[in-house]
>>> print(open('protein.txt').read())   # compact mmCIF, C-alpha atoms
# COMPACT_ATOMS: atom_id res chain seq x y z
CA MET W 27 -121.56 -89.16 39.51
CA ILE W 28 -119.77 -88.26 36.30
CA GLU W 29 -121.93 -86.48 33.78
CA SER W 30 -121.26 -88.87 30.92
CA ASP W 31 -120.53 -87.47 27.48
CA LYS W 32 -120.20 -84.01 29.00
CA GLU W 33 -118.26 -81.94 26.49
CA LEU W 34 -115.56 -80.08 28.34
CA ASN W 35 -113.53 -78.73 25.43
CA LYS W 36 -114.69 -81.88 23.62
CA ILE W 37 -113.48 -84.23 26.36
CA ILE W 38 -115.98 -87.04 26.89
CA VAL W 39 -115.74 -88.46 30.42
CA VAL W 40 -117.25 -91.87 31.21
CA PRO W 41 -116.94 -94.22 34.21
CA LEU W 42 -115.70 -97.82 33.97
CA ILE W 43 -117.00 -100.22 36.62
CA SER W 44 -115.85 -103.84 36.96
CA LYS W 45 -117.54 -106.76 38.69
CA ASP W 46 -114.15 -108.12 39.74
CA PRO W 47 -111.24 -106.08 41.13
CA LEU W 48 -109.56 -104.19 38.29
CA ASP W 49 -106.48 -102.07 38.82
CA ILE W 50 -105.46 -99.14 36.67
CA SER W 51 -102.58 -100.95 34.93
CA ASP W 52 -104.86 -103.79 33.80
CA ALA W 53 -107.50 -101.32 32.65
CA LYS W 54 -104.89 -99.53 30.52
CA ASN W 55 -103.66 -102.83 29.08
CA TYR W 56 -107.20 -103.92 28.24
CA TYR W 57 -108.53 -100.67 26.81
CA GLY W 58 -105.76 -98.11 26.33
CA VAL W 59 -103.04 -99.64 24.12
CA GLU W 60 -102.24 -98.10 20.73
CA LEU W 61 -101.80 -100.89 18.17
CA TYR W 62 -101.15 -98.74 15.09
CA PRO W 63 -99.98 -95.14 14.54
CA ASN W 64 -102.52 -92.42 15.37
CA GLN W 65 -105.10 -94.92 16.61
CA PRO W 66 -107.67 -93.09 18.75
CA ILE W 67 -107.51 -94.57 22.24
CA PRO W 68 -109.01 -93.43 25.53
CA THR W 69 -107.08 -91.84 28.35
CA ILE W 70 -107.68 -94.00 31.43
CA VAL W 71 -107.40 -92.51 34.91
CA SER W 72 -108.34 -93.54 38.43
CA THR W 73 -109.15 -90.25 40.20
CA GLN W 74 -111.45 -87.31 39.65
CA SER W 75 -108.52 -84.94 40.12
CA GLU W 76 -106.83 -86.48 37.08
CA VAL W 77 -109.99 -85.82 35.07
CA GLU W 78 -110.03 -82.19 36.18
CA SER W 79 -106.35 -81.84 35.33
CA LEU W 80 -106.94 -83.13 31.81
CA VAL W 81 -109.82 -80.71 31.35
CA ASN W 82 -107.69 -77.78 32.55
CA GLN W 83 -104.80 -78.76 30.27
CA LYS W 84 -106.99 -79.05 27.20
CA SER W 85 -106.15 -76.35 24.71
CA GLY W 86 -109.06 -74.25 23.57
CA ASN W 87 -107.60 -74.24 20.06
CA ASN W 88 -107.64 -78.02 19.81
CA ASP W 89 -110.97 -79.20 18.43
CA GLU W 90 -110.09 -82.90 18.58
CA GLU W 91 -112.55 -85.00 20.55
CA ARG W 92 -111.08 -87.09 23.36
CA LEU W 93 -112.43 -89.94 25.50
CA VAL W 94 -111.44 -90.15 29.16
CA ILE W 95 -112.34 -93.27 31.14
CA LEU W 96 -112.43 -92.96 34.92
CA LEU W 97 -111.93 -96.33 36.60
CA GLU W 98 -114.34 -96.53 39.51
CA GLN W 99 -114.54 -99.12 42.26
CA GLN W 100 -117.96 -100.75 42.51
CA GLN W 101 -118.33 -99.67 46.14
CA GLN W 102 -117.79 -96.04 45.15
CA GLN W 103 -120.32 -96.37 42.35
CA GLN W 104 -122.91 -97.86 44.72
CA GLN W 105 -122.54 -94.96 47.15
CA GLN W 106 -123.07 -92.46 44.33
CA GLN W 107 -126.11 -94.36 43.08
CA GLN W 108 -127.72 -94.32 46.52
CA GLN W 109 -127.38 -90.54 46.54
CA GLU W 110 -128.45 -89.87 42.95
CA LEU W 111 -130.75 -92.72 41.87
CA GLN W 112 -133.48 -91.42 39.56
CA LYS W 113 -136.25 -93.23 37.73
CA ASP W 114 -135.13 -94.51 34.31
CA LYS W 115 -131.67 -92.96 34.72
CA THR W 116 -128.85 -94.20 36.92
CA PHE W 117 -127.98 -97.80 36.14
CA ASP W 118 -127.81 -99.90 39.32
CA THR W 119 -124.52 -101.77 38.84
CA ASN W 120 -124.89 -103.66 42.10
CA LYS W 121 -128.22 -105.11 40.96
CA TYR W 122 -126.76 -105.86 37.53
CA PHE W 123 -123.58 -107.58 38.71
CA LYS W 124 -125.51 -109.60 41.31
CA GLU W 125 -127.49 -111.31 38.54
CA LEU W 126 -124.57 -111.62 36.09
CA SER W 127 -122.99 -115.10 35.98
CA THR W 128 -120.69 -114.85 32.96
CA ASN W 129 -116.95 -115.36 32.75
CA ILE W 130 -116.27 -112.81 30.00
CA PHE W 131 -119.21 -110.79 28.75
CA GLY W 132 -120.58 -107.81 30.64
CA LYS W 133 -118.18 -107.96 33.59
CA ASN W 134 -116.58 -104.63 32.70
CA LEU W 135 -119.15 -101.90 32.19
CA ILE W 136 -119.08 -98.31 30.98
CA HIS W 137 -122.27 -96.52 31.95
CA CYS W 138 -123.24 -93.18 30.43
CA GLU W 139 -126.20 -91.01 31.30
CA LEU W 140 -126.02 -89.26 27.93
CA ILE W 141 -123.88 -90.19 24.94
CA SER W 142 -123.95 -89.52 21.22
CA SER W 143 -123.91 -93.23 20.30
CA THR W 144 -122.53 -96.20 22.23
CA GLN W 145 -121.78 -97.85 18.90
CA ASP W 146 -119.83 -94.91 17.48
CA ILE W 147 -117.84 -94.28 20.65
CA MET W 148 -116.83 -97.92 20.97
CA LEU W 149 -115.90 -98.18 17.30
CA LYS W 150 -113.80 -95.03 17.46
CA TYR W 151 -112.00 -95.43 20.78
CA LEU W 152 -112.30 -99.07 21.87
CA THR W 153 -111.57 -101.05 18.70
CA TYR W 154 -109.19 -104.00 19.18
CA THR W 155 -109.72 -103.97 22.93
CA ARG W 156 -110.62 -106.86 25.19
CA GLN W 157 -113.67 -108.99 24.44
CA GLY W 158 -116.71 -108.61 26.69
CA LEU W 159 -116.68 -104.88 27.49
CA VAL W 160 -120.18 -103.33 27.43
CA MET W 161 -121.20 -99.67 27.20
CA ILE W 162 -124.72 -98.80 28.35
CA ALA W 163 -126.38 -95.41 27.94
CA ASP W 164 -129.49 -93.94 29.53
CA GLU W 165 -130.04 -91.83 26.43
CA GLN W 166 -128.42 -91.34 23.00
CA THR W 167 -128.45 -88.23 20.83
CA LYS W 168 -127.24 -89.93 17.64
CA GLY W 169 -128.36 -93.53 17.96
CA ARG W 170 -128.30 -95.46 14.70
CA GLY W 171 -129.04 -98.82 13.20
CA ARG W 172 -127.78 -100.57 10.08
CA ALA W 173 -126.64 -98.51 7.10
CA GLY W 174 -126.93 -95.26 9.03
CA TYR W 175 -130.67 -95.47 9.73
CA LYS W 176 -131.64 -93.46 12.80
CA PHE W 177 -132.51 -95.35 15.97
CA LEU W 178 -134.52 -93.12 18.32
CA SER W 179 -133.10 -93.59 21.79
CA PRO W 180 -135.24 -92.05 24.55
CA ILE W 181 -134.73 -92.47 28.28
CA GLY W 182 -136.13 -95.79 29.45
CA SER W 183 -134.77 -97.73 26.48
CA LEU W 184 -132.07 -100.36 26.82
CA LEU W 185 -129.19 -98.93 24.77
CA MET W 186 -125.90 -100.82 24.71
CA SER W 187 -122.91 -101.92 22.64
CA PHE W 188 -120.46 -104.68 23.52
CA LYS W 189 -117.27 -106.27 22.20
CA CYS W 190 -116.70 -109.76 20.81
CA LYS W 191 -114.04 -111.44 18.66
CA GLN W 192 -114.02 -113.83 15.71
CA THR W 193 -111.26 -115.23 13.51
CA ASP W 194 -113.54 -116.67 10.81
CA CYS W 195 -115.15 -114.06 8.55
CA ASN W 196 -117.82 -116.58 7.51
CA LYS W 197 -119.21 -116.49 11.04
CA LEU W 198 -119.81 -112.74 11.17
CA PRO W 199 -123.34 -112.71 9.62
CA PHE W 200 -124.55 -115.07 12.34
CA LEU W 201 -123.79 -112.62 15.15
CA HIS W 202 -127.06 -110.79 14.40
CA TYR W 203 -128.92 -114.05 14.87
CA LEU W 204 -127.20 -115.05 18.12
CA THR W 205 -127.86 -111.62 19.60
CA GLY W 206 -131.52 -111.72 18.58
CA ILE W 207 -131.98 -115.19 20.07
CA ALA W 208 -130.39 -114.16 23.35
CA MET W 209 -132.52 -111.02 23.68
CA VAL W 210 -135.81 -112.78 22.93
CA GLU W 211 -134.98 -115.56 25.36
CA ALA W 212 -133.87 -113.04 27.99
CA ILE W 213 -137.21 -111.18 27.77
CA GLN W 214 -139.26 -114.35 27.82
CA SER W 215 -137.28 -115.80 30.74
CA PHE W 216 -139.25 -113.44 32.99
CA PRO W 217 -142.41 -115.37 33.95
CA ILE W 218 -144.52 -112.24 33.59
CA ALA W 219 -143.30 -111.84 29.98
CA SER W 220 -143.34 -115.50 28.94
CA ASP W 221 -146.57 -115.12 26.98
CA LEU W 222 -145.46 -112.05 25.03
CA ASN W 223 -145.24 -112.93 21.37
CA ILE W 224 -141.71 -111.58 20.85
CA ARG W 225 -140.27 -112.56 17.48
CA LEU W 226 -137.33 -111.82 15.18
CA LYS W 227 -137.54 -110.12 11.81
CA TRP W 228 -134.64 -110.93 9.51
CA PRO W 229 -131.97 -109.86 9.73
CA ASN W 230 -131.79 -107.66 12.80
CA GLU W 231 -135.09 -106.50 14.28
CA ILE W 232 -137.07 -107.57 17.35
CA PHE W 233 -140.86 -107.48 17.05
CA ASN W 234 -144.01 -108.05 19.02
CA SER W 235 -145.79 -110.00 16.32
CA GLU W 236 -149.28 -109.70 17.83
CA ALA W 237 -149.22 -105.93 17.52
CA THR W 238 -146.69 -105.90 14.64
CA ILE W 239 -144.65 -103.42 16.66
CA LYS W 240 -140.89 -103.09 16.46
CA ILE W 241 -139.46 -103.13 19.97
CA GLY W 242 -135.75 -103.32 19.20
CA GLY W 243 -132.89 -103.95 16.85
CA VAL W 244 -129.32 -105.22 16.50
CA ILE W 245 -126.31 -103.83 14.66
CA CYS W 246 -122.97 -105.64 14.19
CA GLU W 247 -119.88 -103.85 12.85
CA SER W 248 -116.37 -105.28 12.57
CA ASN W 249 -112.78 -104.22 12.03
CA TYR W 250 -109.89 -106.54 11.15
CA LEU W 251 -106.38 -106.60 12.57
CA ASN W 252 -103.80 -109.32 13.23
CA ASN W 253 -105.94 -112.15 11.82
CA GLU W 254 -108.89 -111.28 14.06
CA PHE W 255 -112.24 -109.58 13.54
CA ASP W 256 -113.03 -107.14 16.31
CA THR W 257 -116.80 -106.72 16.43
CA VAL W 258 -118.98 -104.19 18.21
CA ILE W 259 -122.55 -105.42 18.64
CA GLY W 260 -125.15 -102.77 19.35
CA VAL W 261 -128.54 -103.58 20.85
CA GLY W 262 -131.50 -101.28 21.40
CA VAL W 263 -134.75 -102.37 23.08
CA TYR W 264 -137.72 -100.16 23.90
CA LEU W 265 -138.13 -101.32 27.46
CA SER W 266 -139.79 -98.65 29.59
CA ASN W 267 -139.68 -95.48 27.47
CA SER W 268 -142.72 -93.38 26.61
CA ASN W 269 -144.79 -94.03 23.49
CA ASN W 270 -142.12 -92.35 21.36
CA PRO W 271 -141.18 -94.04 19.09
CA SER W 272 -142.87 -97.33 19.99
CA THR W 273 -144.85 -99.26 22.55
CA ASN W 274 -142.34 -100.79 24.94
CA VAL W 275 -141.89 -104.19 26.56
CA ASN W 276 -143.18 -103.14 29.98
CA GLN W 277 -146.24 -101.57 28.34
CA LEU W 278 -146.93 -104.83 26.50
CA ILE W 279 -146.77 -106.68 29.81
CA TYR W 280 -149.07 -104.12 31.41
CA ASN W 281 -151.57 -104.49 28.56
CA LYS W 282 -151.56 -108.28 29.03
CA GLN W 283 -152.15 -107.87 32.74
CA GLN W 284 -155.04 -105.51 32.10
CA GLN W 285 -156.59 -107.89 29.58
CA HIS W 286 -156.37 -110.75 32.04
CA GLN W 287 -158.09 -108.63 34.69
CA SER W 288 -160.78 -107.25 32.45
CA SER W 289 -161.76 -108.69 29.09
CA SER W 290 -163.38 -105.38 28.26
CA SER W 291 -160.03 -103.57 28.15
CA SER W 292 -157.74 -104.39 25.24
CA SER W 293 -156.34 -100.94 24.60
CA SER W 294 -152.62 -100.46 24.05
CA THR W 295 -152.76 -96.85 25.19
CA ILE W 296 -149.57 -95.84 26.97
CA SER W 297 -149.97 -95.36 30.70
CA ALA W 298 -147.85 -92.74 32.37
CA ASN W 299 -147.66 -95.02 35.41
CA THR W 300 -146.79 -98.29 33.73
CA PRO W 301 -144.96 -100.45 36.27
CA ILE W 302 -141.37 -101.49 35.59
CA TYR W 303 -141.82 -105.26 35.41
CA ILE W 304 -138.42 -105.74 33.75
CA SER W 305 -135.52 -103.41 34.53
CA ARG W 306 -132.54 -102.72 32.31
CA GLU W 307 -130.20 -104.25 34.87
CA GLU W 308 -132.13 -107.53 35.01
CA LEU W 309 -132.55 -107.75 31.24
CA VAL W 310 -128.89 -107.07 30.41
CA SER W 311 -127.62 -109.60 32.96
CA LYS W 312 -130.02 -112.27 31.67
CA PHE W 313 -129.04 -111.41 28.09
CA PHE W 314 -125.32 -111.97 28.73
CA ASN W 315 -126.00 -115.10 30.79
CA ILE W 316 -127.73 -116.56 27.72
CA PHE W 317 -125.48 -115.04 25.05
CA GLU W 318 -122.12 -116.15 26.44
CA PRO W 319 -122.55 -119.96 26.39
CA MET W 320 -124.33 -119.76 23.03
CA PHE W 321 -121.54 -117.61 21.57
CA MET W 322 -118.87 -119.99 22.86
CA GLU W 323 -120.71 -122.97 21.38
CA PHE W 324 -121.11 -121.15 18.08
CA THR W 325 -117.43 -120.11 17.96
CA ARG W 326 -116.42 -123.72 18.54
CA ASP W 327 -118.99 -125.61 16.44
CA GLY W 328 -120.59 -123.08 14.09
CA PHE W 329 -124.30 -122.45 13.44
CA LYS W 330 -125.37 -126.06 13.91
CA PRO W 331 -128.94 -127.24 13.19
CA ASP W 332 -129.96 -126.83 16.84
CA LEU W 333 -128.92 -123.16 16.78
CA GLU W 334 -130.63 -122.59 13.44
CA LYS W 335 -133.82 -124.15 14.78
CA ARG W 336 -133.53 -122.01 17.89
CA TYR W 337 -133.36 -118.95 15.64
CA THR W 338 -136.11 -119.88 13.17
CA ASN W 339 -138.43 -120.81 16.05
CA TYR W 340 -138.44 -117.11 16.91
CA TRP W 341 -138.57 -115.51 13.49
CA ILE W 342 -141.71 -114.39 11.67
CA HIS W 343 -140.75 -115.71 8.25
CA THR W 344 -141.42 -119.47 8.16
CA ASN W 345 -142.65 -120.21 4.59
CA GLN W 346 -143.37 -116.51 4.12
CA ILE W 347 -144.00 -115.37 0.54
CA ALA W 348 -142.21 -112.16 -0.45
CA LYS W 349 -141.26 -110.22 -3.56
CA LEU W 350 -137.66 -109.83 -4.64
CA LYS W 351 -137.26 -106.31 -6.00
CA GLU W 352 -133.99 -107.06 -7.82
CA ARG W 353 -135.86 -109.68 -9.85
CA GLU W 354 -138.74 -107.50 -10.99
CA ASN W 355 -140.72 -108.28 -7.83
CA HIS W 356 -140.82 -111.98 -8.63
CA HIS W 357 -142.27 -114.03 -5.77
CA VAL W 358 -139.98 -116.06 -3.54
CA LYS W 359 -140.58 -118.22 -0.48
CA ILE W 360 -138.31 -117.98 2.55
CA ILE W 361 -136.92 -121.41 3.39
CA GLY W 362 -134.13 -120.82 5.90
CA ILE W 363 -130.58 -119.65 6.54
CA SER W 364 -127.69 -120.77 4.33
CA ASP W 365 -124.36 -122.14 5.57
CA ASN W 366 -122.78 -118.70 5.16
CA GLY W 367 -125.52 -116.91 7.11
CA PHE W 368 -127.48 -115.54 4.16
CA LEU W 369 -131.28 -115.64 3.85
CA LYS W 370 -132.26 -118.56 1.64
CA VAL W 371 -135.30 -118.15 -0.63
CA ILE W 372 -136.70 -120.17 -3.51
CA GLU W 373 -138.58 -118.88 -6.55
CA CYS W 374 -142.30 -119.56 -6.41
CA ASP W 375 -145.70 -118.32 -7.60
CA ALA W 376 -147.98 -116.03 -5.61
CA ASP W 377 -149.37 -119.03 -3.74
CA GLY W 378 -145.92 -120.30 -2.73
CA ASN W 379 -145.73 -123.17 -5.19
CA SER W 380 -142.24 -123.88 -6.53
CA PRO W 381 -142.04 -125.87 -9.77
CA PRO W 382 -139.18 -128.33 -10.32
CA ASN W 383 -135.79 -126.73 -10.87
CA SER W 384 -136.85 -123.49 -9.19
CA GLN W 385 -133.81 -121.38 -8.40
CA ILE W 386 -132.66 -120.90 -4.82
CA VAL W 387 -131.31 -117.42 -4.07
CA GLU W 388 -129.18 -116.37 -1.10
CA LEU W 389 -129.45 -112.80 0.19
CA ASN W 390 -126.68 -111.08 2.14
CA PRO W 391 -127.96 -109.65 5.46
CA GLU W 392 -125.45 -106.80 5.25
CA SER W 393 -126.83 -105.47 1.98
CA THR W 394 -130.48 -106.57 2.03
CA SER W 395 -133.47 -104.97 3.69
CA PHE W 396 -136.87 -106.56 4.32
CA ASN W 397 -139.94 -104.34 4.11
CA ASN W 398 -142.23 -106.65 6.04
CA GLU W 399 -145.31 -104.45 5.64
CA ASN W 400 -145.17 -104.89 1.85
CA SER W 401 -143.30 -108.22 1.92
CA VAL W 402 -140.51 -106.88 -0.30
CA LEU W 403 -136.83 -107.85 -0.14
CA MET W 404 -134.52 -105.23 -1.62
CA GLU W 405 -130.99 -103.90 -1.57
CA ILE W 406 -130.45 -101.40 1.24
CA SER W 407 -129.34 -98.76 -1.29
CA GLN W 408 -132.83 -98.81 -2.79
CA GLN W 409 -134.56 -98.10 0.50
CA SER W 410 -134.88 -94.43 1.48
CA LYS W 411 -133.55 -93.52 4.89
>>> encode(input="protein.txt", output="structure tokens")
Amino acid sequence: MIESDKELNKIIVVPLISKDPLDISDAKNYYGVELYPNQPIPTIVSTQSEVESLVNQKSGNNDEERLVILLEQQQQQQQQQQQELQKDKTFDTNKYFKELSTNIFGKNLIHCELISSTQDIMLKYLTYTRQGLVMIADEQTKGRGRAGYKFLSPIGSLLMSFKCKQTDCNKLPFLHYLTGIAMVEAIQSFPIASDLNIRLKWPNEIFNSEATIKIGGVICESNYLNNEFDTVIGVGVYLSNSNNPSTNVNQLIYNKQQQHQSSSSSSSTISANTPIYISREELVSKFFNIFEPMFMEFTRDGFKPDLEKRYTNYWIHTNQIAKLKERENHHVKIIGISDNGFLKVIECDADGNSPPNSQIVELNPESTSFNNENSVLMEISQQSK
């Protein structure tokens, strides 16, 4: 197997695996075309000898980073996995593709054992490429969330970024919401996880509301070219990692199982031998199976009331009272999502009562942060990183 993100004179080598047959010319057309001068694009090859040749040709005086994608056939990848499969590491593409039923999303996969950041690599080298490509990492060294906040990314977490397209800028804020819906529904589609109280915190976090524990997050970043927004959506979920930085989904399931078996045990202590009830492969395939039809419906019809209800059914904010820092911590009540994807709040007193003519305020998800512990909405620039 390729040692992903291995710096050989700053050459990053990653494998590309496709569910359907993909030849080298199509791979280059999908992911290796320069659309503007000096655009960083990957070098795409089909043999290990080509990779070695590129490494040998790399000048030691050239400090420029370079991405090389090695197109692998799924059969070849399966043989390597059988030889090198390790707990919480190698991603089983056969298992993943077997459960995947999409037409577009997730069918072409880049898998990395170790990478700086799936989001950063895709934004740098794979902007304006074909919709649906996903990059999954076992571990990240520079994982991040919105506005540059660090996202700790230990082995056992689900760490991925994927590509989608939009032509309407007004639809971009909703991509956080669609992604959150799909991930919550994917987790709860497993019968053993159906009773986990997984919820969404506006605008981009995934929570277990019983334990008030963050178990994941979403980041959406876009570039614009030729009348089209090219968006990279990053998703991180603490699935089967250790207790750093958070209790994970499989641990929550284990705790539930223990509570059912013995009412005397309600501890959330991390077990070193927690079973893997939900694997990354199963969760990602279920996620895309849910996300794709929802995304297509949204692209065609917008964020209709049924989608908004689907989202607000999962969030933790229904009629929540918060303070708006930009208005001298005046109280506001959360009442929904506006037509342009902003958080909609109405002025109220500390008990949530809104007198006639109370002002409704809309808050941009790209520039607003929600400190749920203190129930304070504020501009991101005012929150320390």
>>> residues_around(input="protein.txt", residues="W:Ile342", least_positions_apart="6", cutoff="9 Å", atoms="all atoms listed in the file", output="PyMOL selection string")
chain W and resi 225-228+233+235
>>> atom_distance(input="protein.txt", atom1="atom CA of W:Asn230", atom2="atom CA of W:Val244")
5.1 Å
>>> atom_distance(input="protein.txt", atom1="atom CA of W:Glu60", atom2="atom CA of W:Ile245")
25.5 Å
>>> closest_residue(input="protein.txt", among="W:Glu236, W:Glu231, W:Asp375, W:Glu388", to="W:Trp341", atoms="all atoms listed in the file")
W:Glu231
>>> residues_around(input="protein.txt", residues="stretch 187-194 of chain W", least_positions_apart="2", cutoff="8 Å", atoms="all atoms listed in the file", output="ChimeraX atom specification")
/W:132,144-145,148,155-162,185,196-198,253-261,325
>>> atom_distance(input="protein.txt", atom1="atom CA of W:Thr73", atom2="atom CA of W:Glu98")
8.2 Å
>>> residues_around(input="protein.txt", residues="stretch 199-212 of chain W", least_positions_apart="4", cutoff="6 Å", atoms="all atoms listed in the file", output="PyMOL selection string")
chain W and resi 230+312-313+316-317+337+367
>>> residues_around(input="protein.txt", residues="W:Gln74", least_positions_apart="2", cutoff="12 Å", atoms="all atoms listed in the file", output="list in words")
Met27, Ile28, Val39, Val40, Pro41, Ile70, Val71, Ser72, Glu76, Val77, Glu78, Ser79, Leu80, Val81, Val94, Ile95, Leu96, Leu97 and Glu98 of chain W
>>> residues_around(input="protein.txt", residues="W:Gly58", least_positions_apart="4", cutoff="8 Å", atoms="only C-alpha atoms", output="NGL selection string")
:W and (53-54 or 67-70 or 152 or 155)
>>> closest_residue(input="protein.txt", among="W:Asp365, W:Ala219, W:Ile141, W:Ser305", to="W:Lys330", atoms="all atoms listed in the file")
W:Asp365
>>> closest_residue(input="protein.txt", among="W:Glu323, W:Glu405, W:Glu399, W:Asp46", to="W:Ile239", atoms="only C-alpha atoms")
W:Glu399
>>> closest_residue(input="protein.txt", among="W:Asn398, W:Glu139, W:Gln99, W:Asn281", to="W:Asp221", atoms="only C-alpha atoms")
W:Asn281
>>> closest_residue(input="protein.txt", among="W:Gly262, W:Phe117, W:Pro229, W:Leu309", to="W:Lys370", atoms="all atoms listed in the file")
W:Pro229
>>> closest_residue(input="protein.txt", among="W:Ile347, W:Met404, W:Asn276, W:Phe396", to="W:Gly378", atoms="all atoms listed in the file")
W:Ile347
>>> decode(input="protein.txt", residues="stretch 37-53 of chain W", atoms="N, CA and C atoms", output="short mmCIF file (atom, residue, chain, number, x, y, z; two decimals), in the first residue's frame")
data_model
loop_
_atom_site.label_atom_id
_atom_site.label_comp_id
_atom_site.auth_asym_id
_atom_site.auth_seq_id
_atom_site.Cartn_x
_atom_site.Cartn_y
_atom_site.Cartn_z
N ILE W 37 6.71 15.48 -2.19
CA ILE W 37 5.72 14.85 -3.06
C ILE W 37 4.75 14.06 -2.19
N ILE W 38 3.48 14.37 -2.28
CA ILE W 38 2.45 13.66 -1.54
C ILE W 38 1.82 12.64 -2.50
N VAL W 39 1.87 11.38 -2.13
CA VAL W 39 1.38 10.31 -3.00
C VAL W 39 0.13 9.70 -2.36
N VAL W 40 -0.97 9.68 -3.11
CA VAL W 40 -2.22 9.11 -2.61
C VAL W 40 -2.84 8.21 -3.68
N PRO W 41 -3.55 7.16 -3.26
CA PRO W 41 -4.21 6.28 -4.22
C PRO W 41 -5.63 6.74 -4.53
N LEU W 42 -6.07 6.54 -5.76
CA LEU W 42 -7.44 6.80 -6.20
C LEU W 42 -8.06 5.47 -6.57
N ILE W 43 -9.18 5.13 -5.94
CA ILE W 43 -9.88 3.89 -6.22
C ILE W 43 -11.30 4.22 -6.67
N SER W 44 -11.78 3.55 -7.71
CA SER W 44 -13.10 3.82 -8.26
C SER W 44 -13.98 2.59 -8.16
N LYS W 45 -15.25 2.80 -7.85
CA LYS W 45 -16.21 1.69 -7.81
C LYS W 45 -16.40 1.10 -9.20
N ASP W 46 -16.49 1.97 -10.21
CA ASP W 46 -16.66 1.55 -11.59
C ASP W 46 -15.32 1.62 -12.32
N PRO W 47 -15.18 0.90 -13.42
CA PRO W 47 -13.91 0.99 -14.17
C PRO W 47 -13.58 2.43 -14.53
N LEU W 48 -12.34 2.82 -14.30
CA LEU W 48 -11.89 4.18 -14.57
C LEU W 48 -10.51 4.10 -15.20
N ASP W 49 -10.39 4.55 -16.45
CA ASP W 49 -9.08 4.49 -17.08
C ASP W 49 -8.31 5.78 -16.82
N ILE W 50 -7.05 5.76 -17.13
CA ILE W 50 -6.16 6.86 -16.78
C ILE W 50 -6.53 8.15 -17.51
N SER W 51 -7.00 8.05 -18.74
CA SER W 51 -7.37 9.27 -19.48
C SER W 51 -8.57 9.95 -18.86
N ASP W 52 -9.57 9.16 -18.42
CA ASP W 52 -10.73 9.75 -17.75
C ASP W 52 -10.33 10.35 -16.40
N ALA W 53 -9.47 9.66 -15.69
CA ALA W 53 -9.02 10.19 -14.39
C ALA W 53 -8.34 11.54 -14.57
#
